[in-house]
Structures are given as C-alpha cells and as structure tokens.
>>> print(open('entry-v7.cif').read())   # mmCIF, C-alpha atoms
data_model
loop_
_atom_site.group_PDB
_atom_site.id
_atom_site.type_symbol
_atom_site.label_atom_id
_atom_site.label_comp_id
_atom_site.auth_asym_id
_atom_site.auth_seq_id
_atom_site.Cartn_x
_atom_site.Cartn_y
_atom_site.Cartn_z
ATOM 1 C CA ARG A 718 6.619 65.883 9.127
ATOM 2 C CA PRO A 719 5.194 62.504 8.039
ATOM 3 C CA LEU A 720 2.356 61.212 10.176
ATOM 4 C CA GLY A 721 1.548 57.606 10.896
ATOM 5 C CA ARG A 722 2.895 54.355 9.540
ATOM 6 C CA LEU A 723 1.653 51.506 7.426
ATOM 7 C CA GLN A 724 -0.692 49.090 9.147
ATOM 8 C CA PRO A 725 1.263 46.006 10.415
ATOM 9 C CA LEU A 726 -0.521 43.582 8.045
ATOM 10 C CA THR A 727 0.370 45.843 5.128
ATOM 11 C CA GLN A 728 4.001 45.971 6.280
ATOM 12 C CA VAL A 729 4.257 42.186 6.575
ATOM 13 C CA THR A 730 2.536 41.645 3.221
ATOM 14 C CA GLU A 731 4.976 44.051 1.561
ATOM 15 C CA ASP A 732 7.927 42.254 3.185
ATOM 16 C CA ILE A 733 6.658 38.877 1.910
ATOM 17 C CA VAL A 734 6.024 40.241 -1.588
ATOM 18 C CA ARG A 735 9.524 41.774 -1.627
ATOM 19 C CA ALA A 736 11.104 38.436 -0.659
ATOM 20 C CA PHE A 737 9.237 36.527 -3.382
ATOM 21 C CA ARG A 738 10.030 39.184 -6.012
ATOM 22 C CA LYS A 739 13.741 38.691 -5.317
ATOM 23 C CA ILE A 740 13.411 35.158 -6.687
ATOM 24 C CA GLY A 741 11.260 35.965 -9.703
ATOM 25 C CA PHE A 742 7.653 35.746 -8.474
ATOM 26 C CA VAL A 743 5.020 38.292 -9.529
ATOM 27 C CA VAL A 744 1.840 39.324 -7.714
ATOM 28 C CA ALA A 745 -1.523 38.085 -9.018
ATOM 29 C CA ASP A 746 -4.919 39.326 -7.874
ATOM 30 C CA GLY A 747 -8.466 38.037 -8.141
ATOM 31 C CA PRO A 748 -11.991 38.733 -6.945
ATOM 32 C CA GLU A 749 -13.028 38.445 -3.307
ATOM 33 C CA ILE A 750 -16.545 37.448 -4.414
ATOM 34 C CA GLU A 751 -16.035 34.058 -6.015
ATOM 35 C CA ASP A 752 -17.931 31.057 -7.326
ATOM 36 C CA GLU A 753 -17.904 27.447 -6.164
ATOM 37 C CA TYR A 754 -15.943 26.294 -9.197
ATOM 38 C CA HIS A 755 -12.900 28.494 -8.499
ATOM 39 C CA CYS A 756 -13.031 28.030 -4.711
ATOM 40 C CA PHE A 757 -13.828 24.324 -4.519
ATOM 41 C CA ASP A 758 -14.510 22.270 -7.668
ATOM 42 C CA SER A 759 -11.265 23.149 -9.434
ATOM 43 C CA LEU A 760 -9.296 22.250 -6.296
ATOM 44 C CA ASN A 761 -10.685 18.701 -5.964
ATOM 45 C CA THR A 762 -12.909 19.659 -3.024
ATOM 46 C CA PRO A 763 -15.821 17.199 -3.098
ATOM 47 C CA ALA A 764 -19.419 18.434 -2.901
ATOM 48 C CA ASP A 765 -19.860 16.895 0.561
ATOM 49 C CA HIS A 766 -16.695 18.439 2.056
ATOM 50 C CA PRO A 767 -17.344 20.336 5.333
ATOM 51 C CA ALA A 768 -15.637 23.492 3.968
ATOM 52 C CA ARG A 769 -18.543 23.861 1.538
ATOM 53 C CA ASP A 770 -21.165 23.923 4.292
ATOM 54 C CA ALA A 771 -22.970 27.173 5.000
ATOM 55 C CA GLN A 772 -21.594 27.127 8.549
ATOM 56 C CA ASP A 773 -18.020 27.308 7.178
ATOM 57 C CA THR A 774 -18.368 29.486 4.064
ATOM 58 C CA PHE A 775 -20.031 32.866 3.541
ATOM 59 C CA TYR A 776 -22.478 32.222 0.696
ATOM 60 C CA ILE A 777 -24.054 35.452 -0.464
ATOM 61 C CA GLY A 778 -26.631 33.996 -2.847
ATOM 62 C CA GLY A 779 -27.523 34.935 -6.368
ATOM 63 C CA ASP A 780 -25.334 35.040 -9.416
ATOM 64 C CA LEU A 781 -21.898 36.556 -9.434
ATOM 65 C CA PRO A 782 -21.622 40.225 -10.386
ATOM 66 C CA THR A 783 -19.552 39.123 -13.403
ATOM 67 C CA GLY A 784 -22.495 37.096 -14.752
ATOM 68 C CA GLY A 785 -21.252 33.738 -13.492
ATOM 69 C CA GLN A 786 -23.518 30.965 -12.353
ATOM 70 C CA LYS A 787 -23.575 28.885 -9.180
ATOM 71 C CA SER A 788 -23.684 30.297 -5.702
ATOM 72 C CA ALA A 789 -21.641 33.387 -5.048
ATOM 73 C CA LEU A 790 -19.449 33.303 -1.951
ATOM 74 C CA LEU A 791 -16.684 35.215 -0.272
ATOM 75 C CA ARG A 792 -13.461 33.448 -1.195
ATOM 76 C CA THR A 793 -12.203 31.062 1.445
ATOM 77 C CA HIS A 794 -8.583 31.131 0.229
ATOM 78 C CA THR A 795 -6.509 32.761 -2.474
ATOM 79 C CA SER A 796 -6.133 29.439 -4.328
ATOM 80 C CA SER A 797 -8.939 30.679 -6.570
ATOM 81 C CA VAL A 798 -6.496 33.299 -7.897
ATOM 82 C CA GLN A 799 -4.076 30.520 -8.831
ATOM 83 C CA ILE A 800 -6.814 28.724 -10.766
ATOM 84 C CA ARG A 801 -7.687 31.911 -12.651
ATOM 85 C CA VAL A 802 -4.032 32.477 -13.575
ATOM 86 C CA MET A 803 -3.613 28.875 -14.781
ATOM 87 C CA GLN A 804 -6.742 29.296 -16.939
ATOM 88 C CA SER A 805 -5.514 32.569 -18.441
ATOM 89 C CA GLN A 806 -1.901 31.799 -19.346
ATOM 90 C CA PRO A 807 0.315 28.846 -20.153
ATOM 91 C CA PRO A 808 3.327 27.866 -18.021
ATOM 92 C CA PRO A 809 5.788 28.907 -16.893
ATOM 93 C CA ILE A 810 3.923 30.520 -14.002
ATOM 94 C CA ARG A 811 5.576 31.926 -10.903
ATOM 95 C CA ILE A 812 3.080 33.937 -8.846
ATOM 96 C CA ILE A 813 2.059 34.831 -5.346
ATOM 97 C CA ALA A 814 -1.542 35.690 -4.519
ATOM 98 C CA PRO A 815 -1.886 37.867 -1.426
ATOM 99 C CA GLY A 816 -5.354 38.804 -0.307
ATOM 100 C CA ARG A 817 -8.160 38.884 2.183
ATOM 101 C CA VAL A 818 -10.153 35.675 2.705
ATOM 102 C CA TYR A 819 -13.289 34.825 4.661
ATOM 103 C CA ARG A 820 -14.480 31.878 6.729
ATOM 104 C CA ARG A 821 -17.299 31.475 9.205
ATOM 105 C CA ASP A 822 -15.106 31.239 12.299
ATOM 106 C CA ASN A 823 -15.789 32.600 15.741
ATOM 107 C CA ALA A 824 -13.100 35.103 16.649
ATOM 108 C CA ASP A 825 -10.630 33.783 19.211
ATOM 109 C CA ALA A 826 -6.859 33.684 19.665
ATOM 110 C CA THR A 827 -6.339 31.530 16.545
ATOM 111 C CA HIS A 828 -9.405 32.216 14.363
ATOM 112 C CA ASN A 829 -11.034 35.194 12.701
ATOM 113 C CA PRO A 830 -13.768 35.361 10.042
ATOM 114 C CA THR A 831 -11.588 37.672 7.925
ATOM 115 C CA PHE A 832 -7.864 37.145 7.574
ATOM 116 C CA HIS A 833 -5.033 37.650 5.116
ATOM 117 C CA GLN A 834 -3.357 34.883 3.181
ATOM 118 C CA ILE A 835 -0.535 34.651 0.668
ATOM 119 C CA GLU A 836 -0.271 31.647 -1.607
ATOM 120 C CA GLY A 837 2.447 30.897 -4.114
ATOM 121 C CA LEU A 838 2.336 28.921 -7.333
ATOM 122 C CA TYR A 839 5.277 27.797 -9.458
ATOM 123 C CA VAL A 840 4.460 25.796 -12.593
ATOM 124 C CA ASP A 841 7.217 24.883 -15.023
ATOM 125 C CA LYS A 842 9.185 21.929 -16.302
ATOM 126 C CA ASN A 843 11.481 20.149 -13.858
ATOM 127 C CA VAL A 844 10.166 21.907 -10.715
ATOM 128 C CA THR A 845 10.659 19.636 -7.702
ATOM 129 C CA VAL A 846 9.851 19.478 -4.009
ATOM 130 C CA GLY A 847 13.451 20.621 -3.551
ATOM 131 C CA ASP A 848 12.503 23.892 -5.283
ATOM 132 C CA LEU A 849 9.549 24.227 -2.906
ATOM 133 C CA LYS A 850 11.768 23.693 0.119
ATOM 134 C CA GLY A 851 14.438 26.069 -1.140
ATOM 135 C CA THR A 852 11.848 28.765 -1.843
ATOM 136 C CA ALA A 853 10.304 28.406 1.625
ATOM 137 C CA GLU A 854 13.696 28.524 3.326
ATOM 138 C CA PHE A 855 14.718 31.646 1.384
ATOM 139 C CA VAL A 856 11.479 33.528 2.073
ATOM 140 C CA PHE A 857 11.378 32.692 5.779
ATOM 141 C CA ARG A 858 15.013 33.682 6.258
ATOM 142 C CA GLU A 859 14.269 36.981 4.522
ATOM 143 C CA LEU A 860 11.295 37.565 6.835
ATOM 144 C CA LEU A 861 12.424 36.083 10.136
ATOM 145 C CA GLY A 862 16.210 36.352 10.031
ATOM 146 C CA ARG A 863 19.151 34.106 9.347
ATOM 147 C CA ASP A 864 18.730 32.153 12.602
ATOM 148 C CA VAL A 865 15.304 30.784 11.660
ATOM 149 C CA LYS A 866 15.012 27.033 11.214
ATOM 150 C CA ILE A 867 12.123 25.413 9.383
ATOM 151 C CA ARG A 868 10.898 21.843 9.166
ATOM 152 C CA PHE A 869 8.470 20.108 6.831
ATOM 153 C CA ARG A 870 5.914 17.688 8.285
ATOM 154 C CA PRO A 871 3.579 15.429 6.280
ATOM 155 C CA HIS A 872 0.068 16.893 6.084
ATOM 156 C CA TYR A 873 -3.067 16.576 3.923
ATOM 157 C CA PHE A 874 -4.624 18.995 1.429
ATOM 158 C CA SER A 875 -6.920 17.825 -1.376
ATOM 159 C CA TYR A 876 -5.221 20.006 -3.977
ATOM 160 C CA THR A 877 -1.568 19.085 -3.388
ATOM 161 C CA ALA A 878 0.387 15.843 -3.293
ATOM 162 C CA PRO A 879 2.739 15.398 -1.507
ATOM 163 C CA ASN A 880 1.570 17.764 1.250
ATOM 164 C CA PHE A 881 3.496 19.440 4.057
ATOM 165 C CA ALA A 882 2.972 21.719 7.008
ATOM 166 C CA ILE A 883 5.907 24.028 7.664
ATOM 167 C CA ASP A 884 6.936 24.832 11.227
ATOM 168 C CA PHE A 885 9.563 27.342 12.240
ATOM 169 C CA THR A 886 11.671 28.036 15.272
ATOM 170 C CA ASN A 887 13.965 30.868 16.283
ATOM 171 C CA ALA A 888 14.827 32.810 19.438
ATOM 172 C CA LEU A 889 11.340 34.371 19.586
ATOM 173 C CA VAL A 890 9.649 30.961 19.546
ATOM 174 C CA LYS A 891 12.009 29.678 22.233
ATOM 175 C CA ASN A 892 11.192 32.746 24.389
ATOM 176 C CA MET A 893 7.520 31.721 24.171
ATOM 177 C CA SER A 894 8.462 28.370 25.778
ATOM 178 C CA GLN A 895 7.670 26.470 22.578
ATOM 179 C CA ASP A 896 9.848 24.407 20.298
ATOM 180 C CA TRP A 897 8.093 25.012 16.941
ATOM 181 C CA LEU A 898 5.197 27.068 15.512
ATOM 182 C CA GLU A 899 3.291 26.097 12.383
ATOM 183 C CA ILE A 900 3.492 28.880 9.819
ATOM 184 C CA GLU A 901 2.058 27.451 6.589
ATOM 185 C CA GLY A 902 0.884 24.536 4.562
ATOM 186 C CA CYS A 903 2.298 23.657 1.161
ATOM 187 C CA GLY A 904 2.734 20.944 -1.385
ATOM 188 C CA ARG A 905 3.259 20.059 -5.000
ATOM 189 C CA GLY A 906 0.150 20.855 -7.028
ATOM 190 C CA HIS A 907 -2.091 17.829 -7.501
ATOM 191 C CA GLN A 908 -1.988 16.703 -11.146
ATOM 192 C CA GLU A 909 -5.796 17.010 -11.476
ATOM 193 C CA VAL A 910 -5.710 20.650 -10.351
#
>>> encode(input="entry-v7.cif", output="structure tokens")
Amino acid sequence: RPLGRLQPLTQVTEDIVRAFRKIGFVVADGPEIEDEYHCFDSLNTPADHPARDAQDTFYIGGDLPTGGQKSALLRTHTSSVQIRVMQSQPPPIRIIAPGRVYRRDNADATHNPTFHQIEGLYVDKNVTVGDLKGTAEFVFRELLGRDVKIRFRPHYFSYTAPNFAIDFTNALVKNMSQDWLEIEGCGRGHQEV
C-alpha cells in the first residue's frame, strides 16, 4: 500500500509546470546562491535600491562557490535563472523557472523568508502583450478551473515595461468575501534586460 502524498507545494508546482509544458515551455534551473549581477545589476536594479540592502537580502559574504566575484547572496527571485538562460542560448526561448527564493521578511500571514516562485520567459520575434495575456489566462484556467476570471492592472517592475499585476476571482475568492486576489506580477521584458 502506498504511504503518504506529495507535499502541497510540490503538487502545485507540478500542476503549474504541467500547464506551461502544454503550451511549449520547458523548465530551467539555476543556483540558489547567486551574485549581485544576476540578481540585481542585469535586471536594472540600481545600486541604491532598497531590495539590495542587507535588511532585505541574505548576503552570505565571500566569493561564490563557482569562483565568481562580488557578494554572494541567496537569490531573491528566480529572474536570475532567466538571465543565465538568455546568456547561454539565443532566442527563441520559452522557459519557466520554478524554485525556492529568500528574502529577509518576518514571517506573518503574507510574508516568509523562504518561499517558492515560478517565473516564465518567452523571447522570440513578434511576441506581444496579447501572448502574455493569453498564456496567463490559459495557465490560470488549467490551475483554478474554467470559471476563473483574471484582470491585468498597471504596476511597476524595473525589469519589465509595460508592467502588470494579475488578480483573479472565482467562487473560492467570493466565499472569502473578497472580489479579487492578486496572484502575480508580469510584463514585457525591458529592452535593456
């Protein structure tokens, strides 16, 4: 008799990966111990940005185990994986980067110093914001059911332009006495990234 089940985060990650694979995305992976270039510089994050402060990022000091320079840190997002993929292969690129990320947050109902993130990247000729919206709608319907509705709101990220936050609603959200819940941020990759 089989014992146990997959951990819920593993189940959800597998469901998300399965949805993206249906539309041609592949999984990319990268190191959890990163450098400032891949986490910040390459994403247009200025040197004085609050995310780079020691109270927001886990700097671990010393050189990277791979021989890199600059301060080593625990990655703050999986965008660093996207940068590594763009450096290692030419377009077209259609990847998702699931993984654990770290930020100096006090644990509460909406924050945790370690959490899981999945980012997608699609680089090719003639890719539009319409492709982004269609991809998001497909994936969220696969995950949350056919009755899910999503909306795009203007937002700001230094590494995308235009930028959006995506909210969703369905019967579950309505049962929580809310109209919409934010589920992700997105945007078209900034040309300098």
>>> resolve_selection(input="entry-v7.cif", expression="the PyMOL selection byres ((chain A and resi 874) around 12)", output="PyMOL selection string")
chain A and resi 760-762+871-873+875-882+901-907+910
>>> residues_around(input="entry-v7.cif", residues="Gly741 in chain A", least_positions_apart="6", cutoff="12 Å", atoms="only C-alpha atoms", output="list in words")
Val734, Arg735, Pro809, Ile810, Arg811, Ile812, Ile813, Gly837, Leu838, Tyr839 and Thr852 of chain A
>>> resolve_selection(input="entry-v7.cif", expression="the PyMOL selection byres ((chain A and resi 893-898) around 12)", output="list in words")
Val865, Lys866, Ile867, Arg868, Phe869, Arg870, Ala882, Ile883, Asp884, Phe885, Thr886, Asn887, Ala888, Leu889, Val890, Lys891, Asn892, Glu899, Ile900 and Glu901 of chain A
>>> closest_residue(input="entry-v7.cif", among="A:His794, A:Arg820, A:Arg801, A:His755", to="Phe775 in chain A", atoms="all atoms listed in the file")
A:Arg820
>>> atom_distance(input="entry-v7.cif", atom1="CA of His833 in chain A", atom2="CA of Leu790 in chain A")
16.6 Å
>>> closest_residue(input="entry-v7.cif", among="A:Lys842, A:Leu791, A:Leu849, A:Arg863", to="Tyr819 in chain A", atoms="all atoms listed in the file")
A:Leu791
>>> closest_residue(input="entry-v7.cif", among="A:Thr793, A:Pro808, A:Pro830, A:Asp822", to="Val844 in chain A", atoms="all atoms listed in the file")
A:Pro808
>>> resolve_selection(input="entry-v7.cif", expression="the PyMOL selection byres ((chain A and resi 777) around 6)", output="list of chain:residue names")
A:Tyr776, A:Gly778, A:Ala789, A:Leu790
>>> atom_distance(input="entry-v7.cif", atom1="CA of Glu749 in chain A", atom2="CA of Arg792 in chain A")
5.4 Å
>>> atom_distance(input="entry-v7.cif", atom1="CA of Ser759 in chain A", atom2="CA of Glu909 in chain A")
8.5 Å
>>> closest_residue(input="entry-v7.cif", among="A:Ile800, A:Gly816, A:Ala736, A:Gln728", to="Glu854 in chain A", atoms="all atoms listed in the file")
A:Ala736
>>> decode(input="entry-v7.cif", residues="range 765-817 of chain A", atoms="C-alpha atoms", output="PDB file, in the first residue's frame")
ATOM      1  CA  ASP A 765      20.726  52.231  -4.086  1.00  0.00           C
ATOM      2  CA  HIS A 766      17.516  50.180  -4.441  1.00  0.00           C
ATOM      3  CA  PRO A 767      16.084  49.024  -1.069  1.00  0.00           C
ATOM      4  CA  ALA A 768      15.984  45.370  -2.242  1.00  0.00           C
ATOM      5  CA  ARG A 769      19.789  45.388  -2.215  1.00  0.00           C
ATOM      6  CA  ASP A 770      20.008  46.407   1.443  1.00  0.00           C
ATOM      7  CA  ALA A 771      21.242  43.865   3.959  1.00  0.00           C
ATOM      8  CA  GLN A 772      17.907  44.094   5.780  1.00  0.00           C
ATOM      9  CA  ASP A 773      16.100  42.810   2.654  1.00  0.00           C
ATOM     10  CA  THR A 774      18.587  40.348   1.133  1.00  0.00           C
ATOM     11  CA  PHE A 775      20.521  37.461   2.678  1.00  0.00           C
ATOM     12  CA  TYR A 776      24.145  38.268   1.838  1.00  0.00           C
ATOM     13  CA  ILE A 777      26.409  35.406   2.811  1.00  0.00           C
ATOM     14  CA  GLY A 778      29.754  37.091   2.171  1.00  0.00           C
ATOM     15  CA  GLY A 779      32.793  35.890   0.328  1.00  0.00           C
ATOM     16  CA  ASP A 780      33.109  34.777  -3.243  1.00  0.00           C
ATOM     17  CA  LEU A 781      30.667  32.455  -4.902  1.00  0.00           C
ATOM     18  CA  PRO A 782      31.436  28.736  -4.764  1.00  0.00           C
ATOM     19  CA  THR A 783      31.703  28.811  -8.574  1.00  0.00           C
ATOM     20  CA  GLY A 784      34.602  31.291  -8.379  1.00  0.00           C
ATOM     21  CA  GLY A 785      32.514  34.374  -9.113  1.00  0.00           C
ATOM     22  CA  GLN A 786      33.221  37.769  -7.666  1.00  0.00           C
ATOM     23  CA  LYS A 787      31.012  40.248  -5.830  1.00  0.00           C
ATOM     24  CA  SER A 788      28.993  39.450  -2.766  1.00  0.00           C
ATOM     25  CA  ALA A 789      27.330  36.079  -2.647  1.00  0.00           C
ATOM     26  CA  LEU A 790      23.664  36.070  -1.667  1.00  0.00           C
ATOM     27  CA  LEU A 791      20.675  33.795  -1.540  1.00  0.00           C
ATOM     28  CA  ARG A 792      18.652  34.528  -4.659  1.00  0.00           C
ATOM     29  CA  THR A 793      15.760  36.887  -4.099  1.00  0.00           C
ATOM     30  CA  HIS A 794      13.806  35.721  -7.167  1.00  0.00           C
ATOM     31  CA  THR A 795      14.138  33.232  -9.988  1.00  0.00           C
ATOM     32  CA  SER A 796      14.719  36.032 -12.524  1.00  0.00           C
ATOM     33  CA  SER A 797      18.414  35.220 -12.174  1.00  0.00           C
ATOM     34  CA  VAL A 798      17.678  31.899 -13.911  1.00  0.00           C
ATOM     35  CA  GLN A 799      16.170  33.801 -16.836  1.00  0.00           C
ATOM     36  CA  ILE A 800      19.315  35.920 -17.139  1.00  0.00           C
ATOM     37  CA  ARG A 801      21.508  32.811 -17.143  1.00  0.00           C
ATOM     38  CA  VAL A 802      19.389  31.206 -19.875  1.00  0.00           C
ATOM     39  CA  MET A 803      19.491  34.361 -22.030  1.00  0.00           C
ATOM     40  CA  GLN A 804      23.296  34.426 -21.651  1.00  0.00           C
ATOM     41  CA  SER A 805      23.659  30.761 -22.606  1.00  0.00           C
ATOM     42  CA  GLN A 806      21.426  30.447 -25.670  1.00  0.00           C
ATOM     43  CA  PRO A 807      19.974  32.586 -28.426  1.00  0.00           C
ATOM     44  CA  PRO A 808      16.219  33.080 -28.910  1.00  0.00           C
ATOM     45  CA  PRO A 809      13.730  31.632 -29.256  1.00  0.00           C
ATOM     46  CA  ILE A 810      13.441  30.998 -25.520  1.00  0.00           C
ATOM     47  CA  ARG A 811      10.329  29.702 -23.801  1.00  0.00           C
ATOM     48  CA  ILE A 812      11.095  28.721 -20.202  1.00  0.00           C
ATOM     49  CA  ILE A 813       9.701  28.652 -16.716  1.00  0.00           C
ATOM     50  CA  ALA A 814      11.984  28.868 -13.694  1.00  0.00           C
ATOM     51  CA  PRO A 815      10.466  27.339 -10.565  1.00  0.00           C
ATOM     52  CA  GLY A 816      12.467  27.490  -7.382  1.00  0.00           C
ATOM     53  CA  ARG A 817      12.996  28.499  -3.807  1.00  0.00           C
TER      54      ARG A 817
END
